[in-house]
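Undergrad: Take this structure, written in structure tokens, and hold onto it; I'll ask about it next.
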Amino acid sequence: MTASTLPPLATEWLDRLRAAAGQLPASEQADLVSEIEAHLAESIPPGASEAEVRKALDRLGTPEEIVAEAVGPLAHAGPRRGTHEWAAIILVLAGGFLFGVGWIAGVVLLWTSKAWTVRDKLIGTLVVPGGLALANLFLLFALDGASQTCTQVGNQPMVCSGGESGLVTGLIVAGLIACIVLPILTAIYLARRADRPRHSL
């Protein structure tokens with residue numbers, strides 16, 4: 001028997017299943033209904049009596065029970081971003097200002113949390129190690145490179161040494177901006193990923 005030739009009793013049961021599955025995400029809803037419909041097409045022989053159809057449906061349970069079983073893990077997972085995860089995000093972002101120890105602590109919290117995949121943890125660790133604190137180093141480097149020392153001997157023109165070329169200065173500024181923007185984007189990424197339900201990992 002094909003899905004399109006199911007007996008009226010089975011078709012009505014599938015309609016109840018579709019209605020009950022409305023609380024599921026669209027893709028999961030379609031997969032569930034399609035799977036059950038295919039199962040019924042195989043388990044109900046052509047010309048089956050009403051009793052046989054009811055028996056096949058009883059073996060599956062009610063549509064509401066099937067949907068409750070499917071939605072259960074999602075309903076009980078809840079957001080995974082708690083104190084542990086917030087501490088990891090904040091320390092990975094700004095913990096480098098605490099003599100670098102804070103950032104290391106943030107990485108430890110990041111890797112000991114079950115909220116993120118290995119890929120997420122690698123991104124949190126390797127995208128600008130040290131977080132925003134690295135921008136401080138770039139800023140100090142930029143200020144040091146921009147400084148000049150000028151001397152004048154007698155009536156000779158003043159001679160200045162030091163200072164970076166325009167290209168080098170531009171690269172330093174670009175690096176400084178990257179060291180500010182990338183850690184912030186990484187923190188936002190980790191916060192969003194931590195809110196994904198566990199079953200979708």
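Here's how to read the names in the structure tokens: chain A, B, ... by the order shown, residue numbers from 1 in each chain, ligand numbers from 1 in the order shown.
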Could you pull out the residues in stretch 36-145 of chain A that DSSP calls helix (DSSP H, G or I) from the backbone, as a PyMOL selection string?

TA: chain A and resi 36-43+50-60+63-77+83-97+101-112+118-126+133-145

Undergrad: When you look at stretch 121-124 of chain A with a cut-off of 12 Å (counting only C-alpha atoms), what residues show up, excluding the ones that are within fewer than 5 positions of it in the same chain? I need them as a ChimeraX atom specification.

TA: /A:85,88-93,103-104,106-116,129-131,182-191,193-194

Undergrad: Mind dumping the selected residues with N, CA and C atoms as a compact mmCIF listing (two decimals), in the first residue's frame?

TA:
# COMPACT_ATOMS: atom_id res chain seq x y z
N GLU A 85 29.28 29.53 31.64
CA GLU A 85 29.49 29.99 30.27
C GLU A 85 29.71 31.51 30.20
N ALA A 88 33.19 32.23 31.22
CA ALA A 88 34.13 31.89 30.15
C ALA A 88 34.15 32.97 29.08
N ILE A 89 32.97 33.42 28.67
CA ILE A 89 32.89 34.44 27.61
C ILE A 89 33.56 35.73 28.05
N ILE A 90 33.27 36.18 29.27
CA ILE A 90 33.82 37.46 29.76
C ILE A 90 35.33 37.37 29.92
N LEU A 91 35.82 36.26 30.47
CA LEU A 91 37.26 36.13 30.70
C LEU A 91 38.03 35.95 29.40
N VAL A 92 37.46 35.23 28.45
CA VAL A 92 38.12 35.09 27.15
C VAL A 92 38.18 36.45 26.44
N LEU A 93 37.16 37.28 26.67
CA LEU A 93 37.13 38.61 26.06
C LEU A 93 38.07 39.58 26.74
N TRP A 103 42.55 35.46 31.20
CA TRP A 103 42.25 34.88 29.89
C TRP A 103 42.46 33.36 29.92
N ILE A 104 43.54 32.92 30.58
CA ILE A 104 43.81 31.48 30.70
C ILE A 104 42.66 30.80 31.45
N GLY A 106 39.61 31.81 31.54
CA GLY A 106 38.47 31.80 30.62
C GLY A 106 38.56 30.64 29.63
N VAL A 107 39.77 30.37 29.13
CA VAL A 107 39.96 29.25 28.20
C VAL A 107 39.67 27.92 28.89
N VAL A 108 40.11 27.80 30.15
CA VAL A 108 39.84 26.57 30.90
C VAL A 108 38.33 26.38 31.06
N LEU A 109 37.63 27.45 31.42
CA LEU A 109 36.17 27.37 31.56
C LEU A 109 35.51 27.04 30.22
N LEU A 110 36.05 27.61 29.16
CA LEU A 110 35.51 27.37 27.82
C LEU A 110 35.59 25.88 27.47
N TRP A 111 36.75 25.28 27.74
CA TRP A 111 36.96 23.89 27.35
C TRP A 111 36.30 22.90 28.30
N THR A 112 35.99 23.32 29.51
CA THR A 112 35.33 22.41 30.45
C THR A 112 33.81 22.50 30.37
N SER A 113 33.30 23.44 29.59
CA SER A 113 31.85 23.57 29.43
C SER A 113 31.36 22.60 28.35
N LYS A 114 30.15 22.09 28.53
CA LYS A 114 29.52 21.23 27.54
C LYS A 114 28.63 22.02 26.58
N ALA A 115 28.67 23.34 26.73
CA ALA A 115 27.79 24.18 25.92
C ALA A 115 28.28 24.34 24.49
N TRP A 116 29.57 24.12 24.25
CA TRP A 116 30.15 24.37 22.94
C TRP A 116 30.76 23.12 22.34
N PRO A 129 44.20 35.33 20.62
CA PRO A 129 44.54 34.89 21.98
C PRO A 129 44.83 36.09 22.88
N GLY A 130 44.30 36.07 24.07
CA GLY A 130 44.47 37.20 24.97
C GLY A 130 43.31 38.15 24.95
N GLY A 131 42.43 38.01 23.95
CA GLY A 131 41.26 38.87 23.86
C GLY A 131 41.62 40.33 23.65
N LEU A 182 37.64 41.66 16.59
CA LEU A 182 37.56 40.20 16.54
C LEU A 182 37.21 39.56 17.89
N PRO A 183 37.82 40.00 19.01
CA PRO A 183 37.41 39.40 20.29
C PRO A 183 35.94 39.65 20.63
N ILE A 184 35.43 40.85 20.28
CA ILE A 184 34.03 41.16 20.55
C ILE A 184 33.12 40.26 19.70
N LEU A 185 33.46 40.07 18.42
CA LEU A 185 32.67 39.19 17.56
C LEU A 185 32.73 37.75 18.06
N THR A 186 33.90 37.33 18.55
CA THR A 186 34.04 35.98 19.08
C THR A 186 33.17 35.78 20.31
N ALA A 187 33.12 36.78 21.18
CA ALA A 187 32.29 36.69 22.39
C ALA A 187 30.81 36.58 22.00
N ILE A 188 30.39 37.36 21.02
CA ILE A 188 29.00 37.29 20.55
C ILE A 188 28.70 35.91 19.97
N TYR A 189 29.64 35.40 19.19
CA TYR A 189 29.48 34.07 18.58
C TYR A 189 29.32 33.00 19.66
N LEU A 190 30.19 33.04 20.67
CA LEU A 190 30.12 32.04 21.73
C LEU A 190 28.81 32.13 22.51
N ALA A 191 28.35 33.36 22.75
CA ALA A 191 27.09 33.53 23.48
C ALA A 191 25.92 32.95 22.69
N ARG A 193 26.09 30.60 20.29
CA ARG A 193 26.23 29.15 20.17
C ARG A 193 25.85 28.43 21.47
N ALA A 194 26.09 29.09 22.59
CA ALA A 194 25.79 28.47 23.88
C ALA A 194 24.30 28.34 24.11

Undergrad: Write out as a PyMOL selection string each polymer residue whose atoms come within 10 Å of A:Glu65, counting only C-alpha atoms; drop sequence neighbours fewer than 5 positions from it.

TA: chain A and resi 17+20+60+70-71

Undergrad: Can I get the selection written as a JSON list (two decimals), in the first residue's frame, with C-alpha atoms?

TA:
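Output file part_20.json is given in full below:
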[["chain", "number", "residue", "atom", "x", "y", "z"],
["A", 17, "LEU", "CA", -0.27, 13.79, 13.85],
["A", 20, "ALA", "CA", 0.09, 17.78, 17.03],
["A", 60, "LEU", "CA", 2.29, 3.29, 17.16],
["A", 70, "ALA", "CA", 9.93, 13.74, 19.73],
["A", 71, "VAL", "CA", 9.72, 17.16, 21.39]]

Undergrad: Nearest to A:Ala68 among A:Gly22, A:Val181, A:Asn136, A:Thr117, with distances taken over only C-alpha atoms: which residue is it?

TA: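 Of all the options, A:Gly22 lies closest to A:Ala68.
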
Undergrad: Which polymer residues have any atom within 10 Å of an atom of A:Ile36, counting only C-alpha atoms, with same-chain residues fewer than 2 positions away left out, as number ranges by chain?

TA: A: 3, 14, 17, 31-34, 38-42, 60, 63, 66

Undergrad: Between A:Asp195, A:Asp120, A:Glu64, A:Glu52, which is the closest to A:Ala19 once you count only C-alpha atoms?

TA: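 Closest candidate: A:Glu64.
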